[in-house]
Amino acid sequence: MSRQIPYSRQTIGPDDIKAVADVLKSDWLTQGPKIEEFEQALAKYCSAKYAVACSSGTAGLHLAYLALGLKQGDEVITTPLTFSATSASFCYLGALPVFCDIDLASLNIDPKEIEKKITKRTKAIAITDFAGNPCCLDGIKKIAKQYKLPIVEDACHALGASYKGKKVGGLVDLTVFSFHPVKSITTGEGGAILTNSKKLAYRMRLFRSHGAVKKPAKGGWYYEIKELGFNYRLTDLQAALGLSQLKKIDGFVKRRREIAKRYKVAFKGMPEIILQEEPQGNKSACHLFVVQLKTKNRRAVYERLKAKGILTQVHYIPLHLQPYYQRTFGYKKGDFPKAEKYYSRCLSLPVFPKLTDKEQQKVIKTLKEILS
């Protein structure tokens with residue numbers, strides 16, 4: 001029996017295993033030298049000044065919003081087409097999500113909608129590089145500059161992506177990555193925030209480790225709690241895996257883009273399928289390969305693919321349709337018709353570096369047969 005084809009999975013090699021094993025034999029399992037080494041390598045790769053490693057992409061988003069000083073009643077403009085953490089992490093602080101509809105071609109937040117939602121209570125713009133495809137940063141940065149608003153870029157899909165020839169990571173105030181197993185690289189669980197601000201980097205490191213600051217002049221044991229912080233630290237085991245994976249990131253993204261290109265060629269001209277567009281100047285990390293199916297029964301397509309051993313996924317149920325956001329903030333079905341239209345017909349097909357050409361051909365052939 002052939003193995004199931006997942007929509008995504010990690011790619012771990014002997015070099016990754018050795019890197020982790022070497023740390024297990026060392027004196028430091030956590031809070032050791034591998035953390036800073038990983039941070040410096042990540043910052044250099046993305047051409048950012050600072051990287052702050054943490055325990056997850058969600059923790060990274062929370063640290064970013066904490067560093068900005070968001071508080072009860074502040075408003076953050078964001079997209080409904082994203083994972084819950086993008087907005088949940090500022091809701092933890094009492095801030096309010098102000099959703100904008102998407103651009104149906106790129107599937108990212110529509111810059112034209114952002115300015116309409118700005119009020120005196122707006123304190124930040126939070127964007128998501130959906131599926132690894134960078135947002136229209138020029139347009140969004142222009143609006144942010146005009147209204148003096150910081151930008152938090154949820155780039156958890158987009159490590160290795162480029163915008164107009166520049167790597168995502170150092171292009172806005174704060175950029176957050178995730179290293180979950182299905183992402184561009186993995187540390188098991190883990191994340192990082194990149195910034196060019198020394199002040200923001202300091203605040204995130206403070207909040208990352210209980211808000212504590214050591215004072216060696218008062219004794220080797222002495223520390224002071226400057227803020228109410230959290231334990232959002234990454235371990236040296238994870239950092240070592242991240243370092244090893246980071247050396248292979250360009251190869252991983254290249255392979256993902258090759259797979260995406262084969263899908264695009266295979267489905268080009270098919271009236272039953274709509275593909276996400278990659279704007280000129282963008283180089284997507286291809287974290288996901290999403291198709292929109294012109295069928296009223298997406299569930300049947302999902303189940304028939306599953307029966308053939310092909311596991312697909314849906315990314316995402318728009319946040320304004322979720323019970324929490326409806327109950328707490330009054331959102332309702334119909335508020336963001338483009339996001340809803342996309343959701344009603346989207347499906348994420350398998351894309352990961354170790355997907356073989358034979359497996360991909362099976363996905364293509366099976367989907368075509370189902371749709372025909």
# chains A, B, ... in the order shown; residues from 1 in each chain; ligands from 1

call {"tool": "closest_atom_pairs", "arguments": {"of": "range 31-134 of chain A", "to": "range 333-337 of chain A", "cutoff": "9 Å", "atoms": "only C-alpha atoms", "output": "Markdown table"}}
result
| residue | atom | partner | partner_atom | distance |
| --- | --- | --- | --- | --- |
| A:Pro80 | CA | A:Phe336 | CA | 8.1 |
| A:Phe99 | CA | A:Phe336 | CA | 8.3 |
| A:Cys100 | CA | A:Phe336 | CA | 7.4 |
| A:Asp101 | CA | A:Phe336 | CA | 5.3 |
| A:Ile102 | CA | A:Phe336 | CA | 8.1 |

call {"tool": "select_by_dssp", "arguments": {"residues": "range 204-345 of chain A", "states": "helix (DSSP H, G or I)", "output": "ChimeraX atom specification"}}
result
/A:204-208,216-218,236-246,249-267,298-307,319-321,323-329,337-345

call {"tool": "residues_around", "arguments": {"residues": "range 138-149 of chain A", "least_positions_apart": "4", "cutoff": "12 Å", "atoms": "only C-alpha atoms", "output": "PDB file with N, CA and C atoms, in the first residue's frame"}}
result
ATOM      1  N   LEU A  68       5.391  46.923  21.212  1.00  0.00           N
ATOM      2  CA  LEU A  68       4.770  48.154  20.718  1.00  0.00           C
ATOM      3  C   LEU A  68       3.937  48.859  21.781  1.00  0.00           C
ATOM      4  N   LEU A  70       0.896  47.890  22.957  1.00  0.00           N
ATOM      5  CA  LEU A  70      -0.555  47.861  22.745  1.00  0.00           C
ATOM      6  C   LEU A  70      -1.270  47.609  24.060  1.00  0.00           C
ATOM      7  N   GLU A  75      -6.850  49.726  18.642  1.00  0.00           N
ATOM      8  CA  GLU A  75      -7.321  49.007  17.464  1.00  0.00           C
ATOM      9  C   GLU A  75      -6.145  48.624  16.576  1.00  0.00           C
ATOM     10  N   VAL A  76      -6.224  47.414  16.013  1.00  0.00           N
ATOM     11  CA  VAL A  76      -5.213  46.929  15.075  1.00  0.00           C
ATOM     12  C   VAL A  76      -5.923  46.502  13.799  1.00  0.00           C
ATOM     13  N   ILE A  77      -5.521  47.092  12.681  1.00  0.00           N
ATOM     14  CA  ILE A  77      -6.112  46.740  11.387  1.00  0.00           C
ATOM     15  C   ILE A  77      -5.404  45.501  10.855  1.00  0.00           C
ATOM     16  N   THR A  78      -6.186  44.504  10.451  1.00  0.00           N
ATOM     17  CA  THR A  78      -5.594  43.234  10.025  1.00  0.00           C
ATOM     18  C   THR A  78      -6.522  42.515   9.045  1.00  0.00           C
ATOM     19  N   ASN A 108      -3.947  38.456  -0.184  1.00  0.00           N
ATOM     20  CA  ASN A 108      -3.453  39.250   0.938  1.00  0.00           C
ATOM     21  C   ASN A 108      -4.410  40.399   1.229  1.00  0.00           C
ATOM     22  N   ILE A 109      -4.197  41.067   2.352  1.00  0.00           N
ATOM     23  CA  ILE A 109      -4.996  42.228   2.718  1.00  0.00           C
ATOM     24  C   ILE A 109      -4.941  43.262   1.593  1.00  0.00           C
ATOM     25  N   ASP A 110      -6.074  43.877   1.317  1.00  0.00           N
ATOM     26  CA  ASP A 110      -6.164  44.867   0.241  1.00  0.00           C
ATOM     27  C   ASP A 110      -5.750  46.233   0.796  1.00  0.00           C
ATOM     28  N   PRO A 111      -4.624  46.795   0.333  1.00  0.00           N
ATOM     29  CA  PRO A 111      -4.175  48.088   0.868  1.00  0.00           C
ATOM     30  C   PRO A 111      -5.220  49.190   0.749  1.00  0.00           C
ATOM     31  N   LYS A 112      -6.058  49.119  -0.284  1.00  0.00           N
ATOM     32  CA  LYS A 112      -7.076  50.151  -0.483  1.00  0.00           C
ATOM     33  C   LYS A 112      -8.104  50.151   0.649  1.00  0.00           C
ATOM     34  N   GLU A 113      -8.273  48.991   1.295  1.00  0.00           N
ATOM     35  CA  GLU A 113      -9.250  48.881   2.374  1.00  0.00           C
ATOM     36  C   GLU A 113      -8.691  49.362   3.714  1.00  0.00           C
ATOM     37  N   ILE A 114      -7.368  49.367   3.850  1.00  0.00           N
ATOM     38  CA  ILE A 114      -6.757  49.694   5.144  1.00  0.00           C
ATOM     39  C   ILE A 114      -7.075  51.119   5.567  1.00  0.00           C
ATOM     40  N   GLU A 115      -6.859  52.067   4.661  1.00  0.00           N
ATOM     41  CA  GLU A 115      -7.025  53.480   5.027  1.00  0.00           C
ATOM     42  C   GLU A 115      -8.458  53.792   5.462  1.00  0.00           C
ATOM     43  N   LYS A 116      -9.420  53.082   4.920  1.00  0.00           N
ATOM     44  CA  LYS A 116     -10.823  53.301   5.275  1.00  0.00           C
ATOM     45  C   LYS A 116     -11.108  52.972   6.741  1.00  0.00           C
ATOM     46  N   LYS A 117     -10.272  52.115   7.333  1.00  0.00           N
ATOM     47  CA  LYS A 117     -10.546  51.625   8.678  1.00  0.00           C
ATOM     48  C   LYS A 117      -9.767  52.366   9.768  1.00  0.00           C
ATOM     49  N   ILE A 118      -8.910  53.307   9.391  1.00  0.00           N
ATOM     50  CA  ILE A 118      -8.073  53.998  10.369  1.00  0.00           C
ATOM     51  C   ILE A 118      -8.905  54.999  11.176  1.00  0.00           C
ATOM     52  N   THR A 119      -8.748  54.927  12.507  1.00  0.00           N
ATOM     53  CA  THR A 119      -9.401  55.867  13.423  1.00  0.00           C
ATOM     54  C   THR A 119      -8.348  56.393  14.403  1.00  0.00           C
ATOM     55  N   LYS A 120      -8.776  57.230  15.320  1.00  0.00           N
ATOM     56  CA  LYS A 120      -7.862  57.755  16.344  1.00  0.00           C
ATOM     57  C   LYS A 120      -7.368  56.651  17.274  1.00  0.00           C
ATOM     58  N   ARG A 121      -8.095  55.541  17.297  1.00  0.00           N
ATOM     59  CA  ARG A 121      -7.721  54.432  18.189  1.00  0.00           C
ATOM     60  C   ARG A 121      -6.794  53.427  17.508  1.00  0.00           C
ATOM     61  N   THR A 122      -6.564  53.586  16.205  1.00  0.00           N
ATOM     62  CA  THR A 122      -5.688  52.656  15.484  1.00  0.00           C
ATOM     63  C   THR A 122      -4.247  52.838  15.947  1.00  0.00           C
ATOM     64  N   LYS A 123      -3.620  51.725  16.356  1.00  0.00           N
ATOM     65  CA  LYS A 123      -2.250  51.795  16.873  1.00  0.00           C
ATOM     66  C   LYS A 123      -1.260  50.938  16.078  1.00  0.00           C
ATOM     67  N   ALA A 124      -1.753  50.102  15.154  1.00  0.00           N
ATOM     68  CA  ALA A 124      -0.841  49.256  14.367  1.00  0.00           C
ATOM     69  C   ALA A 124      -1.591  48.651  13.190  1.00  0.00           C
ATOM     70  N   ILE A 125      -0.819  48.210  12.200  1.00  0.00           N
ATOM     71  CA  ILE A 125      -1.337  47.442  11.070  1.00  0.00           C
ATOM     72  C   ILE A 125      -0.650  46.079  11.108  1.00  0.00           C
ATOM     73  N   ALA A 126      -1.436  45.014  11.140  1.00  0.00           N
ATOM     74  CA  ALA A 126      -0.884  43.658  11.172  1.00  0.00           C
ATOM     75  C   ALA A 126      -1.247  42.949   9.878  1.00  0.00           C
ATOM     76  N   ILE A 127      -0.245  42.578   9.095  1.00  0.00           N
ATOM     77  CA  ILE A 127      -0.475  41.966   7.783  1.00  0.00           C
ATOM     78  C   ILE A 127       0.027  40.526   7.785  1.00  0.00           C
ATOM     79  N   THR A 128      -0.495  39.733   6.863  1.00  0.00           N
ATOM     80  CA  THR A 128      -0.081  38.329   6.732  1.00  0.00           C
ATOM     81  C   THR A 128       0.336  38.049   5.291  1.00  0.00           C
ATOM     82  N   PRO A 134       4.436  37.607  -0.389  1.00  0.00           N
ATOM     83  CA  PRO A 134       4.526  38.874   0.337  1.00  0.00           C
ATOM     84  C   PRO A 134       3.407  39.848  -0.013  1.00  0.00           C
ATOM     85  N   GLU A 153       4.416  42.347  10.494  1.00  0.00           N
ATOM     86  CA  GLU A 153       4.254  41.438   9.360  1.00  0.00           C
ATOM     87  C   GLU A 153       4.270  39.996   9.852  1.00  0.00           C
ATOM     88  N   TYR A 163      10.579  40.368  -1.676  1.00  0.00           N
ATOM     89  CA  TYR A 163       9.726  41.437  -2.195  1.00  0.00           C
ATOM     90  C   TYR A 163      10.613  42.431  -2.915  1.00  0.00           C
ATOM     91  N   LYS A 164      10.441  42.530  -4.230  1.00  0.00           N
ATOM     92  CA  LYS A 164      11.246  43.420  -5.068  1.00  0.00           C
ATOM     93  C   LYS A 164      12.745  43.220  -4.835  1.00  0.00           C
ATOM     94  N   LEU A 171      11.999  44.430   6.295  1.00  0.00           N
ATOM     95  CA  LEU A 171      11.374  45.445   5.445  1.00  0.00           C
ATOM     96  C   LEU A 171      10.339  46.302   6.167  1.00  0.00           C
ATOM     97  N   VAL A 172       9.881  45.861   7.346  1.00  0.00           N
ATOM     98  CA  VAL A 172       8.908  46.641   8.119  1.00  0.00           C
ATOM     99  C   VAL A 172       9.367  46.695   9.576  1.00  0.00           C
ATOM    100  N   ASP A 173       8.551  47.269  10.447  1.00  0.00           N
ATOM    101  CA  ASP A 173       8.960  47.463  11.839  1.00  0.00           C
ATOM    102  C   ASP A 173       9.251  46.145  12.556  1.00  0.00           C
ATOM    103  N   LEU A 174       8.360  45.185  12.391  1.00  0.00           N
ATOM    104  CA  LEU A 174       8.494  43.892  13.073  1.00  0.00           C
ATOM    105  C   LEU A 174       8.007  42.786  12.145  1.00  0.00           C
ATOM    106  N   GLY A 281       7.483  41.121  -9.120  1.00  0.00           N
ATOM    107  CA  GLY A 281       8.422  41.578  -8.100  1.00  0.00           C
ATOM    108  C   GLY A 281       8.421  40.710  -6.857  1.00  0.00           C
ATOM    109  N   ASN A 282       7.375  39.886  -6.700  1.00  0.00           N
ATOM    110  CA  ASN A 282       7.312  38.971  -5.565  1.00  0.00           C
ATOM    111  C   ASN A 282       7.991  37.646  -5.894  1.00  0.00           C
TER     112      ASN A 282
END

call {"tool": "closest_atom_pairs", "arguments": {"of": "range 229-281 of chain A", "to": "range 42-62 of chain A", "cutoff": "9 Å", "atoms": "only C-alpha atoms", "output": "tab-separated table"}}
result
residue	atom	partner	partner_atom	distance
A:Asn231	CA	A:Ser55	CA	8.4
A:Tyr232	CA	A:Ser55	CA	5.0
A:Arg233	CA	A:Cys54	CA	4.8
A:Leu234	CA	A:Cys54	CA	4.8
A:Thr235	CA	A:Ser55	CA	8.0
A:Ala239	CA	A:Ala53	CA	8.3
A:Leu243	CA	A:Leu42	CA	8.3
A:Leu246	CA	A:Leu42	CA	7.6

call {"tool": "write_last_selection", "arguments": {"atoms": "C-alpha atoms", "output": "short mmCIF file (atom, residue, chain, number, x, y, z; two decimals), in the first residue's frame"}}
result
data_model
loop_
_atom_site.label_atom_id
_atom_site.label_comp_id
_atom_site.auth_asym_id
_atom_site.auth_seq_id
_atom_site.Cartn_x
_atom_site.Cartn_y
_atom_site.Cartn_z
CA ASN A 231 8.72 32.26 29.42
CA TYR A 232 8.87 32.39 25.62
CA ARG A 233 12.44 31.12 25.27
CA LEU A 234 13.74 28.83 22.54
CA THR A 235 16.07 26.01 23.63
CA ALA A 239 18.30 26.65 17.85
CA LEU A 243 20.84 26.68 12.32
CA LEU A 246 18.70 27.59 7.76
#

call {"tool": "closest_residue", "arguments": {"among": "A:Lys226, A:Arg327, A:Lys167, A:Arg345", "to": "Gln313 in chain A", "atoms": "only C-alpha atoms"}}
result
A:Arg345

call {"tool": "closest_residue", "arguments": {"among": "A:Ala158, A:Ala285, A:Leu228, A:Leu96", "to": "Ile259 in chain A", "atoms": "only C-alpha atoms"}}
result
A:Ala285

call {"tool": "closest_residue", "arguments": {"among": "A:Ala161, A:Leu107, A:Leu347, A:Cys135", "to": "Glu277 in chain A", "atoms": "only C-alpha atoms"}}
result
A:Leu107

call {"tool": "residues_around", "arguments": {"residues": "Ser284 in chain A", "least_positions_apart": "2", "cutoff": "10 Å", "atoms": "only C-alpha atoms", "output": "list in words"}}
result
Asp129, Phe130, Ala131, Gly132, Asn133, Pro134, His157, Ala158, Leu159, Gly160, Ala161, Ser162, Tyr163, Val168, Val253, Arg256, Arg257, Ala260, Glu278, Pro279, Gly281, Asn282, Cys286, His287 and Leu288 of chain A

call {"tool": "write_last_selection", "arguments": {"atoms": "C-alpha atoms", "output": "PDB file, in the first residue's frame"}}
result
ATOM      1  CA  ASP A 129       1.981  37.061   3.788  1.00  0.00           C
ATOM      2  CA  PHE A 130      -0.627  34.484   2.856  1.00  0.00           C
ATOM      3  CA  ALA A 131       0.757  31.156   1.561  1.00  0.00           C
ATOM      4  CA  GLY A 132       4.251  32.719   1.505  1.00  0.00           C
ATOM      5  CA  ASN A 133       3.322  35.461  -0.975  1.00  0.00           C
ATOM      6  CA  PRO A 134       4.526  38.874   0.337  1.00  0.00           C
ATOM      7  CA  HIS A 157       4.434  31.477   5.816  1.00  0.00           C
ATOM      8  CA  ALA A 158       7.160  33.521   4.170  1.00  0.00           C
ATOM      9  CA  LEU A 159      10.703  32.790   5.381  1.00  0.00           C
ATOM     10  CA  GLY A 160      12.786  32.718   2.193  1.00  0.00           C
ATOM     11  CA  ALA A 161      10.339  34.883   0.233  1.00  0.00           C
ATOM     12  CA  SER A 162      11.420  38.125  -1.444  1.00  0.00           C
ATOM     13  CA  TYR A 163       9.726  41.437  -2.195  1.00  0.00           C
ATOM     14  CA  VAL A 168      11.234  39.343   3.790  1.00  0.00           C
ATOM     15  CA  VAL A 253      12.236  27.252  -1.217  1.00  0.00           C
ATOM     16  CA  ARG A 256       8.699  24.397  -3.269  1.00  0.00           C
ATOM     17  CA  ARG A 257       8.675  26.857  -6.174  1.00  0.00           C
ATOM     18  CA  ALA A 260       4.217  25.218  -7.491  1.00  0.00           C
ATOM     19  CA  GLU A 278       2.104  36.138  -7.576  1.00  0.00           C
ATOM     20  CA  PRO A 279       2.450  39.908  -8.185  1.00  0.00           C
ATOM     21  CA  GLY A 281       8.422  41.578  -8.100  1.00  0.00           C
ATOM     22  CA  ASN A 282       7.312  38.971  -5.565  1.00  0.00           C
ATOM     23  CA  CYS A 286       5.270  28.724  -1.534  1.00  0.00           C
ATOM     24  CA  HIS A 287       4.417  27.592   1.967  1.00  0.00           C
ATOM     25  CA  LEU A 288       1.020  26.623   0.581  1.00  0.00           C
TER      26      LEU A 288
END
